[in-house]
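Peer 1: Dropping in coords-v8.txt, which is compact mmCIF, C-alpha atoms:
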# COMPACT_ATOMS: atom_id res chain seq x y z
CA MET A 1 23.96 -10.91 21.55
CA GLU A 2 25.28 -8.48 19.00
CA LYS A 3 22.72 -7.77 16.29
CA ASP A 4 23.96 -8.94 12.92
CA VAL A 5 25.51 -5.92 11.30
CA THR A 6 26.84 -6.46 7.80
CA LYS A 7 27.86 -4.28 4.93
CA VAL A 8 26.01 -3.98 1.63
CA ASN A 9 27.80 -3.68 -1.70
CA LEU A 10 25.68 -1.66 -4.12
CA ALA A 11 27.09 -3.28 -7.28
CA ASP A 12 26.43 -6.72 -5.86
CA LYS A 13 22.80 -5.84 -5.10
CA PHE A 14 22.26 -4.25 -8.52
CA SER A 15 23.62 -7.43 -10.15
CA GLN A 16 20.71 -9.36 -8.59
CA PHE A 17 17.98 -7.72 -10.66
CA SER A 18 17.55 -6.24 -14.10
CA ASP A 19 13.99 -4.96 -14.39
CA HIS A 20 13.11 -1.28 -14.35
CA TRP A 21 11.01 0.87 -12.04
CA ASN A 22 10.78 -1.92 -9.48
CA PRO A 23 12.62 -0.82 -6.33
CA ARG A 24 14.24 -3.36 -4.02
CA VAL A 25 14.66 -2.75 -0.30
CA VAL A 26 18.28 -3.13 0.83
CA GLY A 27 18.18 -1.51 4.24
CA GLU A 28 15.93 -0.07 6.93
CA LEU A 29 16.60 2.51 9.59
CA ASN A 30 14.57 4.88 11.71
CA GLY A 31 11.34 4.04 9.87
CA GLN A 32 13.01 4.82 6.55
CA GLN A 33 14.09 2.45 3.82
CA VAL A 34 17.10 2.36 1.55
CA LYS A 35 16.00 1.15 -1.88
CA LEU A 36 17.74 0.45 -5.14
CA ALA A 37 16.07 0.80 -8.51
CA ARG A 38 16.94 0.72 -12.17
CA PHE A 39 15.37 3.48 -14.24
CA LEU A 40 14.94 3.31 -18.01
CA GLY A 41 12.65 5.41 -20.15
CA PRO A 42 9.98 7.79 -18.84
CA PHE A 43 8.12 7.19 -15.57
CA GLU A 44 4.80 8.77 -14.58
CA TRP A 45 4.08 12.25 -13.22
CA HIS A 46 3.25 11.83 -9.55
CA HIS A 47 3.80 13.29 -6.11
CA HIS A 48 3.95 12.02 -2.56
CA ALA A 49 1.59 13.83 -0.20
CA HIS A 50 3.50 13.07 3.00
CA GLU A 51 6.97 11.92 2.06
CA ASP A 52 10.14 13.61 0.90
CA GLU A 53 12.16 11.45 -1.46
CA PHE A 54 15.94 11.20 -1.93
CA PHE A 55 17.49 10.03 -5.22
CA LEU A 56 21.23 9.38 -5.63
CA VAL A 57 22.63 8.25 -8.99
CA VAL A 58 25.08 5.37 -8.61
CA LYS A 59 25.55 4.69 -12.33
CA GLY A 60 24.12 6.10 -15.57
CA ALA A 61 22.02 9.24 -15.48
CA PHE A 62 18.43 10.41 -15.47
CA GLU A 63 16.42 13.58 -15.79
CA MET A 64 14.12 14.65 -13.01
CA HIS A 65 11.29 16.55 -14.65
CA LEU A 66 9.61 19.08 -12.40
CA ARG A 67 6.77 21.32 -13.52
CA ASP A 68 9.12 24.30 -13.93
CA LYS A 69 12.42 22.69 -14.93
CA VAL A 70 14.38 19.58 -15.74
CA VAL A 71 17.39 18.58 -13.64
CA THR A 72 19.86 16.00 -14.97
CA LEU A 73 21.41 13.79 -12.31
CA GLU A 74 24.68 11.99 -12.91
CA PRO A 75 26.73 9.60 -10.75
CA GLY A 76 27.57 11.13 -7.38
CA GLU A 77 24.66 13.56 -7.55
CA PHE A 78 21.51 13.49 -5.49
CA MET A 79 18.25 15.38 -5.26
CA ILE A 80 15.60 15.59 -2.58
CA VAL A 81 12.08 16.01 -3.94
CA PRO A 82 9.97 17.48 -1.14
CA ARG A 83 6.52 16.11 -0.38
CA GLY A 84 3.83 17.57 -2.61
CA VAL A 85 6.15 18.42 -5.49
CA GLU A 86 5.15 16.79 -8.77
CA HIS A 87 7.95 14.98 -10.49
CA LYS A 88 8.60 12.57 -13.33
CA PRO A 89 11.90 10.72 -13.66
CA VAL A 90 13.00 10.11 -17.24
CA ALA A 91 16.05 7.97 -18.00
CA ASN A 92 17.33 8.26 -21.56
CA GLN A 93 19.92 5.66 -20.64
CA GLU A 94 19.69 3.12 -17.84
CA ALA A 95 20.34 4.57 -14.41
CA GLU A 96 21.10 2.78 -11.15
CA VAL A 97 19.58 4.81 -8.35
CA LEU A 98 19.68 4.66 -4.56
CA LEU A 99 16.56 5.97 -2.85
CA PHE A 100 16.06 6.90 0.75
CA GLU A 101 12.50 7.49 1.90
CA PRO A 102 9.95 6.49 4.53
CA ALA A 103 8.97 2.83 4.55
CA SER A 104 5.44 3.95 3.65
CA THR A 105 6.43 5.52 0.33
CA LEU A 106 4.77 4.07 -2.77
CA ASN A 107 6.78 4.39 -5.98
CA THR A 108 3.93 6.01 -7.87
CA GLY A 109 2.84 8.27 -5.01
CA ASN A 110 -0.69 9.59 -5.57
CA LEU A 111 -1.19 7.17 -8.49
CA GLU A 112 -1.90 4.42 -6.03
CA ASP A 113 -3.06 1.79 -8.46
CA SER A 114 -1.19 2.55 -11.62
CA ASP A 115 0.04 -0.49 -13.53
CA ARG A 116 3.49 0.74 -12.55
CA THR A 117 2.72 0.72 -8.83
CA ARG A 118 4.88 -1.71 -6.90
CA LYS A 119 3.79 -2.86 -3.45
CA ASP A 120 5.39 -5.49 -1.19
CA LEU A 121 8.84 -4.76 -2.52
CA GLU A 122 11.39 -7.53 -2.63
CA ARG A 123 14.19 -7.37 -0.08
CA LEU A 124 17.69 -8.12 -1.24
CA MET B 1 5.23 28.69 -5.99
CA GLU B 2 7.36 25.65 -6.63
CA LYS B 3 9.74 24.97 -3.78
CA ASP B 4 13.33 25.30 -4.86
CA VAL B 5 14.48 21.82 -5.73
CA THR B 6 18.10 21.53 -6.80
CA LYS B 7 20.61 18.75 -7.14
CA VAL B 8 23.67 18.26 -4.95
CA ASN B 9 26.99 17.10 -6.33
CA LEU B 10 28.87 15.13 -3.67
CA ALA B 11 32.35 15.92 -5.01
CA ASP B 12 31.53 19.61 -5.07
CA LYS B 13 30.38 19.51 -1.43
CA PHE B 14 33.41 17.52 -0.30
CA SER B 15 35.67 20.09 -1.98
CA GLN B 16 34.29 22.73 0.39
CA PHE B 17 35.85 21.29 3.54
CA SER B 18 38.95 19.36 4.52
CA ASP B 19 38.74 18.70 8.26
CA HIS B 20 38.00 15.29 9.72
CA TRP B 21 35.20 13.96 11.92
CA ASN B 22 33.18 17.12 11.44
CA PRO B 23 30.02 16.26 9.50
CA ARG B 24 28.31 18.82 7.27
CA VAL B 25 24.58 18.76 6.59
CA VAL B 26 23.80 18.69 2.87
CA GLY B 27 20.14 17.71 2.90
CA GLU B 28 17.09 17.15 5.08
CA LEU B 29 14.06 14.95 4.57
CA ASN B 30 11.41 13.36 6.76
CA GLY B 31 13.16 14.43 9.96
CA GLN B 32 16.38 12.83 8.77
CA GLN B 33 19.56 14.50 7.60
CA VAL B 34 22.01 13.70 4.85
CA LYS B 35 25.51 14.48 6.08
CA LEU B 36 28.95 14.31 4.56
CA ALA B 37 32.09 13.72 6.59
CA ARG B 38 35.76 13.06 6.07
CA PHE B 39 37.18 10.30 8.26
CA LEU B 40 40.88 9.92 9.03
CA GLY B 41 42.47 7.94 11.83
CA PRO B 42 40.58 6.32 14.71
CA PHE B 43 37.35 7.76 16.11
CA GLU B 44 35.87 6.98 19.56
CA TRP B 45 33.87 3.96 20.69
CA HIS B 46 30.28 5.12 21.08
CA HIS B 47 26.68 4.16 20.43
CA HIS B 48 23.44 5.96 19.74
CA ALA B 49 20.62 5.00 22.12
CA HIS B 50 17.76 5.93 19.81
CA GLU B 51 19.12 6.28 16.31
CA ASP B 52 20.17 3.90 13.58
CA GLU B 53 23.01 5.24 11.48
CA PHE B 54 23.78 4.72 7.77
CA PHE B 55 27.32 5.05 6.37
CA LEU B 56 28.10 4.94 2.61
CA VAL B 57 31.67 5.25 1.41
CA VAL B 58 31.98 7.67 -1.50
CA LYS B 59 35.79 7.63 -1.72
CA GLY B 60 38.63 6.01 0.24
CA ALA B 61 37.85 3.32 2.80
CA PHE B 62 37.37 2.82 6.51
CA GLU B 63 36.97 0.05 9.05
CA MET B 64 33.89 -0.12 11.21
CA HIS B 65 34.99 -1.74 14.45
CA LEU B 66 32.21 -3.51 16.30
CA ARG B 67 32.72 -5.38 19.56
CA ASP B 68 32.77 -8.74 17.77
CA LYS B 69 34.25 -7.94 14.37
CA VAL B 70 35.72 -5.39 12.02
CA VAL B 71 34.04 -4.61 8.69
CA THR B 72 35.98 -2.77 5.99
CA LEU B 73 33.88 -0.46 3.84
CA GLU B 74 35.01 0.60 0.39
CA PRO B 75 33.45 2.91 -2.23
CA GLY B 76 29.94 1.83 -3.13
CA GLU B 77 29.47 -0.03 0.15
CA PHE B 78 27.23 0.93 3.03
CA MET B 79 26.46 -0.29 6.50
CA ILE B 80 23.61 0.42 8.89
CA VAL B 81 24.62 0.43 12.54
CA PRO B 82 21.46 -0.17 14.59
CA ARG B 83 20.72 1.88 17.70
CA GLY B 84 22.47 0.59 20.77
CA VAL B 85 25.31 -1.11 18.91
CA GLU B 86 28.75 0.10 19.95
CA HIS B 87 30.95 1.08 17.06
CA LYS B 88 34.21 2.84 16.32
CA PRO B 89 35.09 3.98 12.80
CA VAL B 90 38.79 3.80 11.97
CA ALA B 91 40.12 5.22 8.70
CA ASN B 92 43.65 4.12 7.83
CA GLN B 93 43.38 6.32 4.78
CA GLU B 94 41.08 9.28 4.33
CA ALA B 95 37.49 8.33 3.59
CA GLU B 96 34.66 10.46 2.23
CA VAL B 97 31.45 9.21 3.79
CA LEU B 98 27.76 9.97 3.29
CA LEU B 99 25.57 9.51 6.38
CA PHE B 100 21.79 9.32 6.78
CA GLU B 101 20.46 9.63 10.27
CA PRO B 102 17.85 11.46 12.31
CA ALA B 103 18.42 15.19 12.64
CA SER B 104 18.85 14.57 16.38
CA THR B 105 21.92 12.33 15.99
CA LEU B 106 25.10 13.51 17.69
CA ASN B 107 28.33 12.30 16.08
CA THR B 108 29.71 10.93 19.33
CA GLY B 109 26.43 9.38 20.47
CA ASN B 110 26.51 8.64 24.20
CA LEU B 111 29.77 10.59 24.58
CA GLU B 112 27.80 13.80 24.60
CA ASP B 113 30.56 16.16 25.52
CA SER B 114 33.66 14.59 24.12
CA ASP B 115 36.17 16.99 22.61
CA ARG B 116 35.21 15.36 19.33
CA THR B 117 31.53 16.11 19.73
CA ARG B 118 30.20 18.43 17.02
CA LYS B 119 26.97 20.29 17.57
CA ASP B 120 25.32 22.92 15.36
CA LEU B 121 26.73 21.39 12.21
CA GLU B 122 27.52 23.61 9.27
CA ARG B 123 25.16 23.38 6.30
CA LEU B 124 26.67 23.29 2.84
Can you turn what I pasted into structure tokens?
Peer 2:
Amino acid sequence: MEKDVTKVNLADKFSQFSDHWNPRVVGELNGQQVKLARFLGPFEWHHHAHEDEFFLVVKGAFEMHLRDKVVTLEPGEFMIVPRGVEHKPVANQEAEVLLFEPASTLNTGNLEDSDRTRKDLERL
Amino acid sequence: MEKDVTKVNLADKFSQFSDHWNPRVVGELNGQQVKLARFLGPFEWHHHAHEDEFFLVVKGAFEMHLRDKVVTLEPGEFMIVPRGVEHKPVANQEAEVLLFEPASTLNTGNLEDSDRTRKDLERL
């Protein structure tokens, strides 16, 4: 039997949640996950020891603060933050962001038990 | 020293090539690659034995033909084709597509030496 293969509409998935800094899983492949998140305001400085992290802005904009610079990401722009690199996303307006990263990646990285840590992410 | 972390603008990368079915590598993370490709016309039926493949339409549209159905993908829509599932992309208009897949993935999958096979992809 053919596996069920369906498309995912990003706007439809984003319409299903409104909270911030709480990624939803919308796809899995090759041990990686595709996640969607809404960013608003400043997040925490953190890094991921073993995972590189991909951020693509779908709507809105956010700043990725690195220790030596700030990069502003707008719709149609992505950034890969390599493992070990400290970063802090800051969204001065709401941003809709697609993430691609290993299934093991925790949103707060080395801050494993921050009050902003989200485990057991919802699947949409 | 901080690793060089920069953003990538999809429109800027797409402006750097115009040929079809010839993916460019624009990012690498966790053994996976981010690729951009322009689709136009029908591609070949193929499958990937060991790799799941992610397609996100950035601009234009294309049909993903599967053996039991056809799914039309428009901007802001993605599909994951699991390993082993035969598929044939068909673009009735030009489509700009972002792909995530393992660095090992060949564009023509099991058709390893088709005249449409592209190895040693250009990096933009």
Peer 1: Could you write out as a ChimeraX atom specification the residues of chain A within 7 Å of chain B, counting all atoms listed in the file?
Peer 2: /A:5-10,29-30,51-52,76-79,81
Peer 1: Would you work out the distance separating CA of Glu94 in chain B from CA of Gly60 in chain A, expressed in Å to one decimal?
Peer 2: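 Between CA of Glu94 in chain B and CA of Gly60 in chain A the gap is 26.3 Å.
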Peer 1: Just the number, please: distance in Å from CA of Phe62 in chain A to CA of Val90 in chain A, one decimal.
Peer 2: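 Taking CA of Phe62 in chain A and CA of Val90 in chain A, their separation equals 5.7 Å.
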Peer 1: Give me the residues near Arg118 in chain B as a PyMOL selection string, where near means some atom within 8 Å (using only C-alpha atoms) and where sequence neighbours in that chain fewer than 4 positions away do not count.
Peer 2: chain B and resi 22-23+106-108
Peer 1: Kindly give the distance, in Å, that separates CA of Asn92 in chain A and CA of Gly41 in chain A, rounded to a single decimal.
Peer 2: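 CA of Asn92 in chain A sits 5.7 Å away from CA of Gly41 in chain A.
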Peer 1: For Lys88 in chain B, which residue out of B:Ala49, B:Phe43, B:Arg24, B:Lys35 is the nearest one, using only C-alpha atoms?
Peer 2: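 Nearest candidate to Lys88 in chain B out of B:Ala49, B:Phe43, B:Arg24, B:Lys35: B:Phe43.
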Peer 1: For each of B:Asp19, B:Glu44, B:Ala103, B:Lys119, take the minimum atom-to-atom distance to His87 in chain B, counting only C-alpha atoms, then give the residue where this is smallest.
Peer 2: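 Nearest candidate to His87 in chain B out of B:Asp19, B:Glu44, B:Ala103, B:Lys119: B:Glu44.
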